[in-house]
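K.L.:
So I've got this file, model.tsv, and it contains TSV, C-alpha atoms:
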chain	number	residue	atom	x	y	z
Q	1	MET	CA	-22.94	21.68	-5.41
Q	2	ILE	CA	-23.96	18.69	-7.45
Q	3	SER	CA	-26.28	15.81	-6.67
Q	4	CYS	CA	-25.04	12.48	-5.41
Q	5	PRO	CA	-25.80	9.95	-8.16
Q	6	VAL	CA	-26.77	7.41	-5.49
Q	7	CYS	CA	-28.98	9.27	-3.01
Q	8	ASP	CA	-29.53	12.60	-4.80
Q	9	ILE	CA	-28.33	14.68	-1.84
Q	10	GLU	CA	-26.23	17.68	-2.83
Q	11	VAL	CA	-22.49	17.03	-2.56
Q	12	PRO	CA	-20.14	19.97	-1.97
Q	13	ILE	CA	-17.30	20.02	-4.50
Q	14	PRO	CA	-14.01	21.17	-2.98
Q	15	ALA	CA	-12.18	24.05	-4.59
Q	16	GLN	CA	-9.38	22.99	-6.92
Q	17	SER	CA	-10.89	19.54	-7.38
Q	18	ARG	CA	-9.02	17.12	-9.57
Q	19	LEU	CA	-10.08	14.72	-12.27
Q	20	SER	CA	-10.56	11.19	-10.84
Q	21	GLU	CA	-10.70	12.57	-7.30
Q	22	ILE	CA	-12.69	10.47	-4.87
Q	23	LEU	CA	-15.28	12.20	-2.67
Q	24	GLU	CA	-17.58	10.72	-0.08
Q	25	CYS	CA	-21.26	11.56	0.04
Q	26	SER	CA	-21.96	12.86	3.55
Q	27	ASP	CA	-25.40	11.28	3.51
Q	28	CYS	CA	-25.23	7.81	1.96
Q	29	ARG	CA	-21.41	7.46	2.38
Q	30	SER	CA	-20.99	6.32	-1.19
Q	31	GLU	CA	-17.57	6.88	-2.71
Q	32	LEU	CA	-17.95	9.13	-5.74
Q	33	GLU	CA	-15.48	9.89	-8.49
Q	34	ILE	CA	-15.15	13.17	-10.35
Q	35	LEU	CA	-15.46	12.22	-14.00
Q	36	THR	CA	-15.26	15.68	-15.54
Q	37	LEU	CA	-14.31	19.07	-14.16
Q	38	ASP	CA	-16.03	21.57	-16.42
Q	39	PRO	CA	-18.79	21.03	-15.64
Q	40	VAL	CA	-18.24	18.74	-12.66
Q	41	THR	CA	-19.90	15.37	-13.05
Q	42	LEU	CA	-19.87	12.57	-10.51
Q	43	ALA	CA	-20.32	8.82	-10.72
Q	44	LEU	CA	-20.17	6.02	-8.21
Q	45	ALA	CA	-16.48	5.18	-7.73
Q	46	PRO	CA	-15.28	1.68	-8.68
Q	47	GLU	CA	-15.75	-0.87	-5.92
Q	48	VAL	CA	-12.74	-2.12	-3.98
Q	49	GLU	CA	-11.09	-5.04	-5.74
Q	50	GLU	CA	-9.35	-8.00	-4.18
Q	51	ASP	CA	-5.82	-6.76	-4.89
Q	52	TRP	CA	-6.31	-3.13	-3.87
Q	53	GLY	CA	-4.20	-1.63	-1.16
Q	54	GLU	CA	-0.70	-0.56	-0.35
S	1	MET	CA	-1.52	6.43	-24.59
S	2	SER	CA	-0.97	10.18	-24.60
S	3	GLN	CA	-1.68	11.45	-21.09
S	4	GLY	CA	0.75	14.35	-20.83
S	5	ASP	CA	4.44	14.53	-21.54
S	6	ALA	CA	5.99	16.05	-18.43
S	7	ALA	CA	9.23	14.51	-17.18
S	8	ILE	CA	7.58	13.62	-13.88
S	9	ALA	CA	4.36	11.64	-13.89
S	10	VAL	CA	2.07	10.13	-11.29
S	11	LEU	CA	0.33	6.90	-12.24
S	12	GLY	CA	-2.94	5.93	-10.60
S	13	SER	CA	-6.56	5.08	-11.14
S	14	SER	CA	-8.06	7.50	-8.64
S	15	VAL	CA	-7.08	10.57	-6.68
S	16	ARG	CA	-7.57	9.73	-3.04
S	17	ALA	CA	-6.37	11.81	-0.09
S	18	ASP	CA	-2.71	10.82	-0.45
S	19	GLU	CA	-2.62	11.30	-4.23
S	20	ARG	CA	-4.22	14.69	-3.71
S	21	ARG	CA	-1.46	15.61	-1.24
S	22	LEU	CA	1.19	14.48	-3.72
S	23	LEU	CA	-0.28	16.38	-6.66
S	24	ASP	CA	-0.74	19.47	-4.47
S	25	ALA	CA	2.90	19.19	-3.38
S	26	LEU	CA	4.01	19.07	-7.02
S	27	ASP	CA	1.89	22.14	-7.76
S	28	ARG	CA	3.23	24.02	-4.74
S	29	ARG	CA	6.77	23.49	-6.00
S	30	GLY	CA	5.74	24.52	-9.50
S	31	ILE	CA	6.80	21.16	-10.95
S	32	SER	CA	5.23	20.33	-14.29
S	33	HIS	CA	3.78	16.82	-14.10
S	34	SER	CA	1.43	14.42	-15.85
S	35	TRP	CA	-1.34	12.41	-14.23
S	36	ILE	CA	-1.50	9.01	-15.93
S	37	ASP	CA	-4.85	7.32	-15.48
S	38	SER	CA	-4.03	3.63	-15.49
S	39	ARG	CA	-7.57	2.76	-16.59
S	40	ARG	CA	-6.96	4.41	-19.95
S	41	LEU	CA	-3.44	3.14	-20.38
S	42	PHE	CA	-2.04	0.63	-22.82
S	43	PHE	CA	1.53	-0.13	-23.72
S	44	PRO	CA	2.60	-0.85	-27.27
S	45	LEU	CA	5.71	-3.01	-27.34
S	46	VAL	CA	8.38	-0.32	-27.48
S	47	SER	CA	12.08	0.24	-27.45
S	48	PRO	CA	13.70	2.18	-24.58
S	49	GLY	CA	13.13	5.93	-24.58
S	50	ARG	CA	9.72	5.78	-26.20
S	51	PHE	CA	7.76	7.19	-23.26
S	52	PRO	CA	7.86	10.93	-22.50
S	53	TRP	CA	7.93	10.39	-18.73
S	54	ARG	CA	11.40	10.06	-17.21
S	55	CYS	CA	10.30	9.40	-13.66
S	56	VAL	CA	6.94	7.88	-12.70
S	57	LEU	CA	5.56	7.69	-9.18
S	58	ASN	CA	3.47	4.52	-9.09
S	59	ARG	CA	0.32	5.18	-7.06
S	60	GLU	CA	-1.84	2.56	-8.74
S	61	ILE	CA	-4.04	1.03	-6.06
S	62	GLY	CA	-4.46	-2.37	-7.75
S	63	GLN	CA	-1.46	-4.65	-7.24
S	64	VAL	CA	-1.76	-6.41	-10.60
S	65	ARG	CA	-2.07	-3.16	-12.55
S	66	ALA	CA	0.75	-1.58	-10.51
S	67	ALA	CA	3.11	-4.46	-11.21
S	68	TYR	CA	2.44	-4.69	-14.94
S	69	ALA	CA	2.50	-0.93	-15.43
S	70	ALA	CA	5.84	-0.65	-13.64
S	71	LYS	CA	7.41	-3.31	-15.85
S	72	ALA	CA	6.03	-1.77	-19.06
S	73	LEU	CA	7.13	1.74	-18.11
S	74	GLU	CA	10.61	0.51	-17.23
S	75	ALA	CA	10.83	-1.33	-20.54
S	76	GLY	CA	10.05	2.00	-22.21
S	77	GLY	CA	12.93	3.68	-20.41
S	78	ALA	CA	11.15	5.32	-17.49
S	79	LEU	CA	12.41	5.24	-13.93
S	80	VAL	CA	9.56	4.01	-11.76
S	81	LEU	CA	9.27	4.52	-8.01
S	82	ASN	CA	9.08	1.99	-6.64
S	83	HIS	CA	10.88	-0.31	-9.06
S	84	SER	CA	8.84	-3.16	-10.52
S	85	ALA	CA	10.96	-5.76	-8.69
S	86	CYS	CA	10.04	-4.10	-5.40
S	87	VAL	CA	6.35	-4.00	-6.38
S	88	ASP	CA	6.50	-7.73	-7.10
S	89	VAL	CA	8.09	-8.56	-3.75
S	90	CYS	CA	6.01	-6.24	-1.58
S	91	GLY	CA	2.80	-7.27	-3.30
S	92	ASP	CA	3.20	-10.84	-2.12
S	93	LYS	CA	3.41	-11.54	1.60
S	94	TRP	CA	5.45	-14.71	1.20
S	95	ARG	CA	7.99	-13.11	-1.10
S	96	THR	CA	8.26	-10.23	1.37
S	97	SER	CA	8.84	-12.67	4.23
S	98	LEU	CA	11.52	-14.45	2.21
S	99	ALA	CA	13.31	-11.17	1.48
S	100	LEU	CA	13.16	-10.05	5.11
S	101	ALA	CA	14.39	-13.41	6.40
S	102	ALA	CA	17.19	-13.52	3.79
S	103	ALA	CA	18.36	-10.15	5.11
S	104	GLY	CA	18.49	-11.63	8.60
S	105	LEU	CA	15.73	-9.41	9.97
S	106	PRO	CA	13.53	-10.53	12.88
S	107	VAL	CA	10.10	-11.66	11.66
S	108	PRO	CA	7.22	-13.59	13.26
S	109	ARG	CA	7.20	-17.39	12.85
S	110	THR	CA	5.73	-17.83	9.38
S	111	ALA	CA	5.08	-20.65	6.92
S	112	LEU	CA	3.76	-21.09	3.41
S	113	ALA	CA	1.83	-24.30	2.81
S	114	LEU	CA	1.11	-25.36	-0.75
S	115	THR	CA	-2.23	-26.93	0.17
S	116	PRO	CA	-4.74	-26.32	2.97
S	117	PRO	CA	-3.99	-29.73	4.62
S	118	ALA	CA	-0.30	-28.82	4.68
S	119	GLY	CA	-1.34	-25.58	6.34
S	120	LEU	CA	-2.68	-27.59	9.27
S	121	ALA	CA	0.65	-29.35	9.61
S	122	ALA	CA	2.46	-25.99	9.49
S	123	LEU	CA	0.27	-24.68	12.29
S	124	GLU	CA	1.20	-27.64	14.48
S	125	GLU	CA	4.74	-26.23	14.41
S	126	ILE	CA	3.80	-22.56	14.67
S	127	GLY	CA	1.15	-23.10	17.35
S	128	TYR	CA	-2.09	-21.30	18.13
S	129	PRO	CA	-3.41	-18.66	18.02
S	130	ALA	CA	-2.16	-17.90	14.53
S	131	LEU	CA	-3.20	-15.89	11.51
S	132	ILE	CA	-4.00	-16.92	7.98
S	133	LYS	CA	-3.36	-14.09	5.54
S	134	PRO	CA	-4.01	-13.80	1.82
S	135	LEU	CA	-0.77	-13.60	-0.17
S	136	VAL	CA	-2.03	-10.52	-2.00
S	137	GLY	CA	-4.21	-7.99	-0.28
S	138	SER	CA	-4.16	-5.08	2.07
S	139	TRP	CA	-5.96	-3.15	4.77
S	140	GLY	CA	-6.26	-6.32	6.88
S	141	ARG	CA	-8.81	-7.85	4.52
S	142	LEU	CA	-9.36	-11.62	4.75
S	143	ILE	CA	-6.97	-12.04	7.66
S	144	VAL	CA	-8.46	-14.57	10.06
S	145	GLU	CA	-7.33	-15.39	13.58
S	146	LEU	CA	-7.15	-19.15	14.02
S	147	ARG	CA	-7.60	-19.94	17.71
S	148	ASP	CA	-7.23	-23.70	17.54
S	149	ALA	CA	-6.92	-26.65	15.16
S	150	ALA	CA	-10.68	-27.14	14.88
S	151	MET	CA	-11.15	-23.59	13.72
S	152	ALA	CA	-8.21	-23.88	11.31
S	153	ARG	CA	-9.74	-27.02	9.76
S	154	ASP	CA	-13.02	-25.17	9.21
S	155	VAL	CA	-11.36	-22.11	7.69
S	156	PHE	CA	-9.11	-24.23	5.46
S	157	GLU	CA	-12.16	-26.07	4.17
S	158	TYR	CA	-13.41	-22.73	2.86
S	159	VAL	CA	-9.94	-21.92	1.51
S	160	ALA	CA	-9.89	-25.19	-0.43
S	161	ALA	CA	-13.22	-24.29	-2.01
S	162	LEU	CA	-11.99	-20.92	-3.31
S	163	PRO	CA	-11.44	-20.66	-7.06
S	164	GLY	CA	-7.93	-20.42	-8.50
S	165	PRO	CA	-4.68	-22.15	-7.54
S	166	HIS	CA	-3.26	-19.03	-5.86
S	167	SER	CA	-6.09	-19.08	-3.34
S	168	HIS	CA	-5.06	-22.55	-2.17
S	169	LEU	CA	-1.63	-21.41	-1.04
S	170	VAL	CA	-1.82	-20.94	2.70
S	171	TYR	CA	0.27	-18.26	4.39
S	172	VAL	CA	0.17	-18.67	8.15
S	173	GLN	CA	1.89	-16.68	10.84
S	174	GLU	CA	2.09	-16.69	14.60
S	175	LEU	CA	-0.18	-14.12	16.23
S	176	VAL	CA	2.29	-11.90	18.04
S	177	ALA	CA	0.96	-10.80	21.43
S	178	LYS	CA	1.37	-7.13	20.60
S	179	PRO	CA	0.46	-4.40	23.10
S	180	GLY	CA	-2.65	-3.19	21.25
S	181	ARG	CA	-0.62	-1.37	18.65
S	182	ASP	CA	1.88	-1.78	15.88
S	183	ILE	CA	4.37	0.63	14.37
S	184	ARG	CA	4.45	2.12	10.92
S	185	ALA	CA	7.78	3.58	9.83
S	186	ILE	CA	8.19	5.49	6.59
S	187	VAL	CA	11.55	5.19	4.87
S	188	LEU	CA	12.54	7.38	1.93
S	189	ASP	CA	15.72	6.74	-0.02
S	190	GLY	CA	17.35	4.86	2.85
S	191	GLU	CA	16.41	7.40	5.51
S	192	LEU	CA	13.81	7.02	8.26
S	193	LEU	CA	11.31	9.84	7.82
S	194	GLY	CA	9.45	9.01	11.02
S	195	ALA	CA	7.29	6.45	12.75
S	196	ILE	CA	3.86	6.26	14.29
S	197	TYR	CA	1.97	3.89	16.54
S	198	ARG	CA	-1.28	2.54	15.12
S	199	ILE	CA	-3.51	1.78	18.07
S	200	ALA	CA	-6.60	-0.42	17.90
S	201	ASP	CA	-8.52	-2.95	19.98
S	202	ASP	CA	-8.72	-5.23	16.95
S	203	MET	CA	-5.74	-7.44	16.02
S	204	ARG	CA	-5.81	-5.52	12.70
S	205	THR	CA	-4.26	-2.13	13.35
S	206	ASN	CA	-4.77	-0.68	9.87
S	207	VAL	CA	-5.63	3.00	9.72
S	208	ALA	CA	-8.10	2.07	6.97
S	209	ARG	CA	-9.94	0.10	9.69
S	210	GLY	CA	-10.05	3.01	12.09
S	211	ALA	CA	-6.84	2.59	14.07
S	212	VAL	CA	-5.69	5.73	15.89
S	213	SER	CA	-2.26	7.13	14.95
S	214	LYS	CA	0.22	8.67	17.39
S	215	PRO	CA	3.90	9.62	16.97
S	216	CYS	CA	6.35	6.87	17.91
S	217	PRO	CA	9.82	7.64	19.28
S	218	GLN	CA	12.56	6.98	16.73
S	219	THR	CA	14.94	4.67	18.54
S	220	PRO	CA	18.18	3.55	16.87
S	221	GLU	CA	16.83	-0.03	16.83
S	222	LEU	CA	13.64	1.03	15.05
S	223	ALA	CA	15.52	3.15	12.53
S	224	LYS	CA	17.99	0.35	11.76
S	225	LEU	CA	15.26	-2.25	11.30
S	226	ALA	CA	13.04	-0.04	9.16
S	227	ILE	CA	15.88	1.03	6.88
S	228	GLU	CA	17.13	-2.54	6.52
S	229	ALA	CA	13.62	-3.82	5.79
S	230	ALA	CA	13.13	-1.23	3.04
S	231	ALA	CA	16.50	-2.17	1.57
S	232	ALA	CA	15.68	-5.89	1.75
S	233	VAL	CA	12.76	-5.44	-0.64
S	234	GLY	CA	14.46	-2.79	-2.77
S	235	ALA	CA	12.04	-0.01	-1.81
S	236	GLU	CA	13.03	3.62	-2.24
S	237	ILE	CA	9.68	4.67	-0.79
S	238	ALA	CA	8.53	2.30	1.91
S	239	ALA	CA	6.07	1.92	4.74
S	240	VAL	CA	7.52	-0.67	7.08
S	241	ASP	CA	5.10	-2.27	9.52
S	242	LEU	CA	6.61	-3.58	12.74
S	243	VAL	CA	5.25	-5.11	15.90
S	244	GLU	CA	6.54	-5.34	19.46
S	245	ASP	CA	6.48	-8.83	20.96
S	246	GLU	CA	5.89	-9.65	24.63
S	247	ALA	CA	9.54	-9.04	25.45
S	248	GLY	CA	9.37	-5.62	23.76
S	249	ASP	CA	11.54	-6.71	20.84
S	250	LEU	CA	10.64	-5.49	17.37
S	251	LEU	CA	9.62	-7.82	14.54
S	252	VAL	CA	9.09	-6.76	10.94
S	253	LEU	CA	5.66	-7.70	9.60
S	254	GLU	CA	5.71	-6.34	6.07
S	255	VAL	CA	6.82	-3.57	3.76
S	256	ASN	CA	4.34	-1.62	1.63
S	257	HIS	CA	5.44	-0.22	-1.71
S	258	ARG	CA	2.50	2.14	-2.31
S	259	VAL	CA	2.70	4.04	0.92
S	260	GLU	CA	-0.55	5.28	2.42
S	261	PHE	CA	0.36	8.09	4.76
S	262	SER	CA	-2.85	9.82	5.87
S	263	GLY	CA	-2.60	8.41	9.41
S	264	PHE	CA	1.11	9.16	9.54
S	265	GLN	CA	0.59	12.73	8.36
S	266	GLN	CA	-2.22	13.27	10.85
S	267	ALA	CA	-0.08	12.04	13.73
S	268	MET	CA	3.03	13.98	12.73
S	269	GLY	CA	1.24	17.25	11.91
S	270	ASP	CA	3.58	19.99	10.72
S	271	GLN	CA	6.72	18.13	11.75
S	272	ILE	CA	6.98	16.27	8.43
S	273	ASP	CA	5.35	16.81	5.04
S	274	VAL	CA	5.43	13.31	3.56
S	275	ALA	CA	4.10	14.32	0.16
S	276	ASP	CA	6.67	17.07	-0.20
S	277	ARG	CA	9.49	14.72	0.78
S	278	ILE	CA	8.35	12.22	-1.85
S	279	VAL	CA	8.22	15.00	-4.45
S	280	GLU	CA	11.74	16.01	-3.39
S	281	LEU	CA	12.84	12.45	-4.09
S	282	LEU	CA	11.20	12.49	-7.53
S	283	ILE	CA	12.96	15.73	-8.39
S	284	SER	CA	16.31	14.32	-7.31
S	285	ARG	CA	15.76	11.21	-9.44
S	286	VAL	CA	14.74	13.10	-12.54
S	287	SER	CA	17.79	15.34	-12.18
S	288	GLN	CA	20.19	12.39	-12.16
What does this structure look like when you write it as structure tokens?

P.N.:
Amino acid sequence: MISCPVCDIEVPIPAQSRLSEILECSDCRSELEILTLDPVTLALAPEVEEDWGE
Amino acid sequence: MSQGDAAIAVLGSSVRADERRLLDALDRRGISHSWIDSRRLFFPLVSPGRFPWRCVLNREIGQVRAAYAAKALEAGGALVLNHSACVDVCGDKWRTSLALAAAGLPVPRTALALTPPAGLAALEEIGYPALIKPLVGSWGRLIVELRDAAMARDVFEYVAALPGPHSHLVYVQELVAKPGRDIRAIVLDGELLGAIYRIADDMRTNVARGAVSKPCPQTPELAKLAIEAAAAVGAEIAAVDLVEDEAGDLLVLEVNHRVEFSGFQQAMGDQIDVADRIVELLISRVSQ
């Protein structure tokens, strides 16, 4: 578990997480990005840009 | 630039659900691969063969970064899926429409106006209700239903005030009276992998907007159209979006080059493993 950098609620980290993986905080719904794996650190994920998509 | 030197690489700026499935599929098959973070990437001007990666799956979520990365990687001798020419076409709704129409495929009545006032004239021919769509963009963002000329004038006034010449190009399309759903078909290497309905009350039936996915029967007509649409834009990996009109005939809306398949996978369950099929394609390409 690690704290959400936005709301400070504990965020469960899935097993076998990957660098740059996007998680969602179950409380504040912020998108969080895994910045490092050992130890796991989280930051608010980049906001959606105009040209994002498929 | 060094971000691993495996023959197969996946390029992206974040690992979302689909990228996770793809990387897991590579791991399950024991395929050595590199994850290339596009945010840390730069390309020195190189001669062919300079990059270690022979085959790169382009999962970059930003269209501009995806297009430039594909071109740079190809210039360095890598095979990129999808090819940069495909990324260019699919990333622009008008260029996609041109490619589909040139292939003789059925598409909704569509026009590109070079100024907002010309957009009003185009809509007089297309009729109302109609849609204005941004040339670049996804997930149904900034698509507006224009119910009549008064509303179109108001919306185009805002369009004219947007910054940048690209924003002033007006892509308008008839609003097809679809039966509360559209169809997403996934095509890999010229073969229809499967198709789903995307069901929503909203005129935007994107899964990213909460549309519900259900399996769609694979009729010969659907398979033919989807495969031809993917070929028309040069996509080896394609998500073809189609819509049924009032008569039940299929029209091709667009083709997506960076296929999002969470909704598809959820609807198809164990029948098809999209990520594994894409990995299979990568392996076949790197072996060639």

K.L.:
Mind checking which residues fall within 10 Å of Ser17 of chain Q, counting all atoms listed in the file, ignoring those fewer than 6 positions away in the same chain, and posting them as a PyMOL selection string?

P.N.:
(chain Q and resi 23+34+37+40) or (chain S and resi 15+20)

K.L.:
Could you write out as a ChimeraX atom specification the residues of chain Q within 8 Å of chain S, counting all atoms listed in the file?

P.N.:
/Q:18-22,33,49-54

K.L.:
What is the atom CA of Val187 of chain S to atom CA of Val274 of chain S distance in Å?

P.N.:
10.3 Å

K.L.:
Using all atoms listed in the file - which residues lie no farther than 12 Å from the point (-6.5, -26.7, 9.5) in the file's frame? Write them as a ChimeraX atom specification.

P.N.:
/S:113,115-124,127-128,130-132,146-160,170-172

K.L.:
Quick one: residues within 8 Å of Ile2 of chain Q, all atoms listed in the file, excluding same-chain residues fewer than 2 positions away - as a list in words?

P.N.:
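In the requested format, the answer is Cys4, Glu10, Val11, Pro12, Ile13, Val40, Thr41 and Leu42 of chain Q.
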
K.L.:
Atom CA of Arg50 of chain S to atom CA of Leu35 of chain Q: how many Å, to one decimal?

P.N.:
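Between atom CA of Arg50 of chain S and atom CA of Leu35 of chain Q the gap is 28.7 Å.
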
K.L.:
Env of segment 242-246 of chain S: 10 Å cut, atoms = all atoms listed in the file, seq-sep filter 3 positions within chain, self excluded. Answer as a list in words.

P.N.:
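In the requested format, the answer is Pro106, Val107, Pro108, Leu175, Val176, Ala177, Lys178, Pro179, Gly180, Arg181, Asp182, Ile183, Arg184, Ala185, Tyr197, Leu222, Leu225, Ala226, Ala229, Ala239, Asp249, Leu250, Leu251, Val252, Leu253, Glu254 and Val255 of chain S.
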
K.L.:
Could you pull the residues within 8 Å of Pro5 of chain Q, counting all atoms listed in the file, minus those fewer than 3 positions along the same chain, as a ChimeraX atom specification?

P.N.:
/Q:8,42-44

K.L.:
I'd like the contact shell of Lys214 of chain S - 9 Å cut-off, all atoms listed in the file, skipping same-chain residues fewer than 4 positions apart - returned as an MDAnalysis selection string.

P.N.:
chainID S and resid 195:199 263:264 266:268

K.L.:
In Å to one decimal, how far is atom CA of Asp189 of chain S from atom CA of Glu221 of chain S?

P.N.:
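Here the two named atoms are 18.2 Å from each other.
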
K.L.:
If you take every atom of segment 1-4 of chain Q that the file lists and fit an axis-aligned box around them with 8 Å extra on each side, what centre and edge lengths come out in Å to one decimal, as lines of an AutoDock Vina configuration file?

P.N.:
center_x = -24.6
center_y = 17.1
center_z = -6.4
size_x = 19.3
size_y = 25.2
size_z = 18.0
